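Following: one structure in structure tokens, then a few remarks.
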Amino acid sequence: MADLPDFDALRGRHLGLIGVISMGDMGSGVARLLMAHNYAVLTNVSDRSEDTKSRALSAGAVLLPSDELLVDHSDLILSIVPPAEAYSTAERVVKAWDRKETELVYADLNAVSPSTLLSISSLFTGVKFIDGSILGGPPSFVDGSWTKPIIPTSGPFSLSDIFPGLGEVLGEKQISPELGQASGLKMVFASLSKGYAAVALQSVTTAHQLGVLPELLESVNELQGEAAGKKLEQAVTGLAPKAGRWVREMEEIGKTHRENGNWEEWEGIFEAAAKVYELVAKGTVLGGERIGKRERGTTVEGVAEAVGEGLGRRKEKEE
């Protein structure tokens with residue numbers, strides 16, 4: 001086992017020790033933002049991919065070999081994982097904590113439905129639990145200042161309750177004392193952004209198959225404006241590395257609309273979007289794309305061609 005850090009020395013030099021699970025694009029961005037404001041970031045990536053380990057090291061996080069050490073020494077744990085891993089990550093943390101004398105503060109910032117969030121919160125007893133979500137892209141330092149997402153939170157506790165000033169650093173907006181509200185906001189927000197991306201992908205792919213993709217893009221720019229054209233381009237070209245984790249997110253969004261919006265009779269819109277993203281992730285060459293290591297699907301035409309190829313192969317198999 002590698003030598004462990006001097007936790008007392010770390011605590012003496014920083015405002016607090018924040019555990020972050022895990023170090024994806026968003027998690028590593030949040031880690032950098034925290035460290036820029038004098039918080040130490042702890043993480044356990046022992047069971048993660050080499051890409052994740054590399055991001056953690058690049059972000060400057062302190063790498064620990066176990067969840068037990070992470071729980072024991074973190075003043076607050078931020079869960080920032082793909083939606084499909086949100087519940088199992090909470091189970092991991094509860095198991096590592098096992099109601100020790102150490103106080104546990106857990107913020108679930110994942111893209112899950114209100115009912116899933118409440119199921120996760122039920123795992124924690126005697127814990128300060130924060131329902132949160134992340135609206136927008138990862139924090140980044142550009143031209144001498146930080147751009148950061150909005151982090152809505154809800155429930156009896158907020159990030160600022162744990163560390164005065166932490167909420168301002170992270171862009172927190174406490175929206176309700178009721179658990180589930182922050183997660184619900186994420187679901188309806190992502191309905192607009194990621195739901196749009198699925199529709200846009202179908203549109204450009206079919207246009208490519210018809211041979212009218214250039215005309216479609218030209219018409220969008222001419223009739224709806226350059227901003228609409230840029231939105232379409234960014235939505236379509238940006239989804240490939242994220243499609244795999246967006247499958248579950250679409251399912252959680254559909255669940256939210258059924259359970260909280262009473263849209264039972266219209267079940268299927270976001271479940272269909274989930275299938276679109278599943279096709280991209282598992283049925284096209286775009287499934288192998290990674291953020292920061294893009295090779296295909298960097299143009300609308302490239303995405304439409306790759307997805308069209310995937311659809312063609314699937315049709316051949318069915319026949």
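Ordering of the structure tokens sets the chain letters (A, B, ...), residue numbers begin anew at 1 in every chain, and ligands are numbered from 1 in the order given.
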>> Give me, as an MDAnalysis selection string, the residues of stretch 74-314 of chain A that a backbone DSSP run labels strand (DSSP E or B).
In response: chainID A and resid 76:79 105:108 128:132 135 140:142 145:147 150:154 172:176
May I have the selected residues written with N, CA and C atoms, as a PDB file, in the first residue's frame?
```pdb
ATOM      1  N   LEU A  76     -17.048  16.094   4.101  1.00  0.00           N
ATOM      2  CA  LEU A  76     -18.229  16.067   3.252  1.00  0.00           C
ATOM      3  C   LEU A  76     -17.910  15.194   2.055  1.00  0.00           C
ATOM      4  N   ILE A  77     -18.867  14.370   1.640  1.00  0.00           N
ATOM      5  CA  ILE A  77     -18.683  13.554   0.442  1.00  0.00           C
ATOM      6  C   ILE A  77     -19.666  14.012  -0.621  1.00  0.00           C
ATOM      7  N   LEU A  78     -19.129  14.301  -1.803  1.00  0.00           N
ATOM      8  CA  LEU A  78     -19.940  14.657  -2.962  1.00  0.00           C
ATOM      9  C   LEU A  78     -20.002  13.451  -3.885  1.00  0.00           C
ATOM     10  N   SER A  79     -21.196  12.964  -4.147  1.00  0.00           N
ATOM     11  CA  SER A  79     -21.383  11.854  -5.087  1.00  0.00           C
ATOM     12  C   SER A  79     -21.716  12.428  -6.448  1.00  0.00           C
ATOM     13  N   VAL A 105     -21.452  13.389   6.229  1.00  0.00           N
ATOM     14  CA  VAL A 105     -22.243  14.356   5.473  1.00  0.00           C
ATOM     15  C   VAL A 105     -22.148  13.939   4.016  1.00  0.00           C
ATOM     16  N   TYR A 106     -23.300  13.685   3.410  1.00  0.00           N
ATOM     17  CA  TYR A 106     -23.331  13.112   2.062  1.00  0.00           C
ATOM     18  C   TYR A 106     -24.220  13.949   1.159  1.00  0.00           C
ATOM     19  N   ALA A 107     -23.656  14.421   0.048  1.00  0.00           N
ATOM     20  CA  ALA A 107     -24.430  15.190  -0.928  1.00  0.00           C
ATOM     21  C   ALA A 107     -24.531  14.388  -2.208  1.00  0.00           C
ATOM     22  N   ASP A 108     -25.738  13.997  -2.558  1.00  0.00           N
ATOM     23  CA  ASP A 108     -25.983  13.282  -3.806  1.00  0.00           C
ATOM     24  C   ASP A 108     -26.280  14.304  -4.890  1.00  0.00           C
ATOM     25  N   LYS A 128     -26.186  13.669   7.751  1.00  0.00           N
ATOM     26  CA  LYS A 128     -26.616  14.909   7.121  1.00  0.00           C
ATOM     27  C   LYS A 128     -26.622  14.672   5.617  1.00  0.00           C
ATOM     28  N   PHE A 129     -27.811  14.531   5.069  1.00  0.00           N
ATOM     29  CA  PHE A 129     -27.968  14.165   3.662  1.00  0.00           C
ATOM     30  C   PHE A 129     -28.468  15.370   2.873  1.00  0.00           C
ATOM     31  N   ILE A 130     -27.801  15.642   1.754  1.00  0.00           N
ATOM     32  CA  ILE A 130     -28.152  16.781   0.908  1.00  0.00           C
ATOM     33  C   ILE A 130     -28.576  16.275  -0.466  1.00  0.00           C
ATOM     34  N   ASP A 131     -29.760  16.678  -0.895  1.00  0.00           N
ATOM     35  CA  ASP A 131     -30.219  16.402  -2.252  1.00  0.00           C
ATOM     36  C   ASP A 131     -29.710  17.526  -3.140  1.00  0.00           C
ATOM     37  N   GLY A 132     -28.931  17.178  -4.156  1.00  0.00           N
ATOM     38  CA  GLY A 132     -28.397  18.205  -5.038  1.00  0.00           C
ATOM     39  C   GLY A 132     -28.417  17.752  -6.485  1.00  0.00           C
ATOM     40  N   LEU A 135     -26.523  21.663 -12.849  1.00  0.00           N
ATOM     41  CA  LEU A 135     -27.070  22.195 -14.092  1.00  0.00           C
ATOM     42  C   LEU A 135     -25.968  22.933 -14.832  1.00  0.00           C
ATOM     43  N   SER A 140     -14.630  25.288 -15.143  1.00  0.00           N
ATOM     44  CA  SER A 140     -13.381  25.455 -15.882  1.00  0.00           C
ATOM     45  C   SER A 140     -12.834  26.847 -15.637  1.00  0.00           C
ATOM     46  N   PHE A 141     -11.522  26.950 -15.701  1.00  0.00           N
ATOM     47  CA  PHE A 141     -10.840  28.229 -15.469  1.00  0.00           C
ATOM     48  C   PHE A 141     -10.455  28.807 -16.814  1.00  0.00           C
ATOM     49  N   VAL A 142     -11.093  29.888 -17.194  1.00  0.00           N
ATOM     50  CA  VAL A 142     -10.893  30.470 -18.521  1.00  0.00           C
ATOM     51  C   VAL A 142     -10.656  31.968 -18.391  1.00  0.00           C
ATOM     52  N   SER A 145     -10.728  33.552 -14.834  1.00  0.00           N
ATOM     53  CA  SER A 145     -11.876  33.417 -13.926  1.00  0.00           C
ATOM     54  C   SER A 145     -12.538  32.058 -14.121  1.00  0.00           C
ATOM     55  N   TRP A 146     -13.300  31.655 -13.115  1.00  0.00           N
ATOM     56  CA  TRP A 146     -13.974  30.359 -13.150  1.00  0.00           C
ATOM     57  C   TRP A 146     -15.366  30.497 -13.759  1.00  0.00           C
ATOM     58  N   THR A 147     -15.660  29.604 -14.688  1.00  0.00           N
ATOM     59  CA  THR A 147     -17.051  29.402 -15.106  1.00  0.00           C
ATOM     60  C   THR A 147     -17.525  28.128 -14.425  1.00  0.00           C
ATOM     61  N   ILE A 150     -24.608  25.632 -12.066  1.00  0.00           N
ATOM     62  CA  ILE A 150     -25.455  25.910 -10.908  1.00  0.00           C
ATOM     63  C   ILE A 150     -25.687  24.591 -10.183  1.00  0.00           C
ATOM     64  N   ILE A 151     -25.585  24.609  -8.863  1.00  0.00           N
ATOM     65  CA  ILE A 151     -25.851  23.406  -8.064  1.00  0.00           C
ATOM     66  C   ILE A 151     -27.049  23.669  -7.157  1.00  0.00           C
ATOM     67  N   PRO A 152     -28.266  23.339  -7.632  1.00  0.00           N
ATOM     68  CA  PRO A 152     -29.430  23.446  -6.755  1.00  0.00           C
ATOM     69  C   PRO A 152     -29.339  22.382  -5.655  1.00  0.00           C
ATOM     70  N   THR A 153     -29.732  22.734  -4.455  1.00  0.00           N
ATOM     71  CA  THR A 153     -29.802  21.761  -3.362  1.00  0.00           C
ATOM     72  C   THR A 153     -31.148  21.897  -2.660  1.00  0.00           C
ATOM     73  N   SER A 154     -31.551  20.812  -2.011  1.00  0.00           N
ATOM     74  CA  SER A 154     -32.784  20.846  -1.229  1.00  0.00           C
ATOM     75  C   SER A 154     -32.661  19.875  -0.067  1.00  0.00           C
ATOM     76  N   GLU A 172     -23.940  26.972  -5.401  1.00  0.00           N
ATOM     77  CA  GLU A 172     -25.137  26.365  -4.809  1.00  0.00           C
ATOM     78  C   GLU A 172     -26.304  27.340  -4.768  1.00  0.00           C
ATOM     79  N   LYS A 173     -27.502  26.813  -5.021  1.00  0.00           N
ATOM     80  CA  LYS A 173     -28.746  27.530  -4.804  1.00  0.00           C
ATOM     81  C   LYS A 173     -29.685  26.618  -4.027  1.00  0.00           C
ATOM     82  N   GLN A 174     -29.888  26.913  -2.762  1.00  0.00           N
ATOM     83  CA  GLN A 174     -30.796  26.123  -1.944  1.00  0.00           C
ATOM     84  C   GLN A 174     -32.224  26.490  -2.326  1.00  0.00           C
ATOM     85  N   ILE A 175     -32.979  25.516  -2.869  1.00  0.00           N
ATOM     86  CA  ILE A 175     -34.289  25.852  -3.439  1.00  0.00           C
ATOM     87  C   ILE A 175     -35.466  25.386  -2.594  1.00  0.00           C
ATOM     88  N   SER A 176     -35.231  24.468  -1.655  1.00  0.00           N
ATOM     89  CA  SER A 176     -36.367  23.945  -0.886  1.00  0.00           C
ATOM     90  C   SER A 176     -35.867  23.158   0.319  1.00  0.00           C
TER      91      SER A 176
END
```
What's the 12 Å shell around A:Gly126, counting only C-alpha atoms, without same-chain residues fewer than 6 positions away, as a PDB file with N, CA, C and O atoms, in the first residue's frame?
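part19.pdb was written with the following content:
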```pdb
ATOM      1  N   VAL A  94     -22.288   3.939   2.708  1.00  0.00           N
ATOM      2  CA  VAL A  94     -22.940   3.497   3.951  1.00  0.00           C
ATOM      3  C   VAL A  94     -22.197   2.305   4.545  1.00  0.00           C
ATOM      4  O   VAL A  94     -21.961   2.238   5.761  1.00  0.00           O
ATOM      5  N   TRP A  97     -18.977   3.497   6.083  1.00  0.00           N
ATOM      6  CA  TRP A  97     -19.206   4.269   7.307  1.00  0.00           C
ATOM      7  C   TRP A  97     -19.706   3.378   8.427  1.00  0.00           C
ATOM      8  O   TRP A  97     -19.158   3.392   9.544  1.00  0.00           O
ATOM      9  N   ASP A  98     -20.737   2.593   8.148  1.00  0.00           N
ATOM     10  CA  ASP A  98     -21.298   1.635   9.105  1.00  0.00           C
ATOM     11  C   ASP A  98     -21.543   2.248  10.478  1.00  0.00           C
ATOM     12  O   ASP A  98     -21.233   1.670  11.509  1.00  0.00           O
ATOM     13  N   ARG A  99     -22.093   3.469  10.463  1.00  0.00           N
ATOM     14  CA  ARG A  99     -22.490   4.162  11.699  1.00  0.00           C
ATOM     15  C   ARG A  99     -21.348   4.296  12.702  1.00  0.00           C
ATOM     16  O   ARG A  99     -21.497   4.059  13.899  1.00  0.00           O
ATOM     17  N   LYS A 100     -20.192   4.684  12.176  1.00  0.00           N
ATOM     18  CA  LYS A 100     -19.049   4.956  13.058  1.00  0.00           C
ATOM     19  C   LYS A 100     -19.306   6.243  13.832  1.00  0.00           C
ATOM     20  O   LYS A 100     -20.265   6.982  13.576  1.00  0.00           O
ATOM     21  N   GLU A 101     -18.398   6.527  14.756  1.00  0.00           N
ATOM     22  CA  GLU A 101     -18.539   7.770  15.510  1.00  0.00           C
ATOM     23  C   GLU A 101     -18.290   8.983  14.627  1.00  0.00           C
ATOM     24  O   GLU A 101     -18.747  10.082  14.925  1.00  0.00           O
ATOM     25  N   THR A 102     -17.577   8.788  13.521  1.00  0.00           N
ATOM     26  CA  THR A 102     -17.308   9.876  12.591  1.00  0.00           C
ATOM     27  C   THR A 102     -18.611  10.365  11.977  1.00  0.00           C
ATOM     28  O   THR A 102     -19.414   9.573  11.504  1.00  0.00           O
ATOM     29  N   GLU A 103     -18.828  11.681  11.988  1.00  0.00           N
ATOM     30  CA  GLU A 103     -20.026  12.242  11.377  1.00  0.00           C
ATOM     31  C   GLU A 103     -19.928  12.100   9.865  1.00  0.00           C
ATOM     32  O   GLU A 103     -18.882  12.326   9.270  1.00  0.00           O
ATOM     33  N   LEU A 104     -21.024  11.732   9.239  1.00  0.00           N
ATOM     34  CA  LEU A 104     -21.051  11.591   7.794  1.00  0.00           C
ATOM     35  C   LEU A 104     -21.987  12.644   7.203  1.00  0.00           C
ATOM     36  O   LEU A 104     -23.138  12.776   7.609  1.00  0.00           O
ATOM     37  N   VAL A 105     -21.452  13.389   6.229  1.00  0.00           N
ATOM     38  CA  VAL A 105     -22.243  14.356   5.473  1.00  0.00           C
ATOM     39  C   VAL A 105     -22.148  13.939   4.016  1.00  0.00           C
ATOM     40  O   VAL A 105     -21.056  13.837   3.457  1.00  0.00           O
ATOM     41  N   TYR A 106     -23.300  13.685   3.410  1.00  0.00           N
ATOM     42  CA  TYR A 106     -23.331  13.112   2.062  1.00  0.00           C
ATOM     43  C   TYR A 106     -24.220  13.949   1.159  1.00  0.00           C
ATOM     44  O   TYR A 106     -25.398  14.179   1.461  1.00  0.00           O
TER      45      TYR A 106
END
```
>> Write out as a PyMOL selection string the set of residues from stretch 164-282 of chain A that DSSP, computed on the backbone, places in alpha helix (DSSP H).
In response: chain A and resi 166-170+181-210+213-224+226-238+243-261+269-282
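Each of A:Met23, A:Val276, A:Val303, A:Leu159 was compared to A:Gly244 using only C-alpha atoms, and A:Val276 turns out to be the nearest.
If you measure from each of A:Pro138, A:Tyr39, A:Ile21, A:Pro149 to A:Thr89 using only C-alpha atoms, the closest one turns out to be A:Ile21.
The two atoms in question, atom CA of A:Leu123 and atom CA of A:Asp72, are spaced 18.0 Å apart.
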>> Residues near A:Pro214, anyone? I mean within 12 Å using only C-alpha atoms, not counting same-chain ones fewer than 6 positions away, as number ranges by chain.
In response: A: 204-205, 207-208, 220-221, 229, 300-301, 304
Export, as a CSV table (one decimal), in the first residue's frame, the selected residues with C-alpha atoms.
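Everything below was put into selection_30.csv:
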```csv
chain,number,residue,atom,x,y,z
A,204,VAL,CA,-29.8,15.0,-38.7
A,205,THR,CA,-29.4,11.3,-39.1
A,207,ALA,CA,-31.7,14.1,-43.1
A,208,HIS,CA,-28.3,12.4,-43.9
A,220,VAL,CA,-32.0,26.1,-39.4
A,221,ASN,CA,-29.4,28.9,-39.6
A,229,GLY,CA,-27.6,26.3,-35.7
A,300,VAL,CA,-22.7,16.9,-37.5
A,301,GLU,CA,-22.1,15.1,-40.7
A,304,ALA,CA,-25.1,11.4,-38.8
```
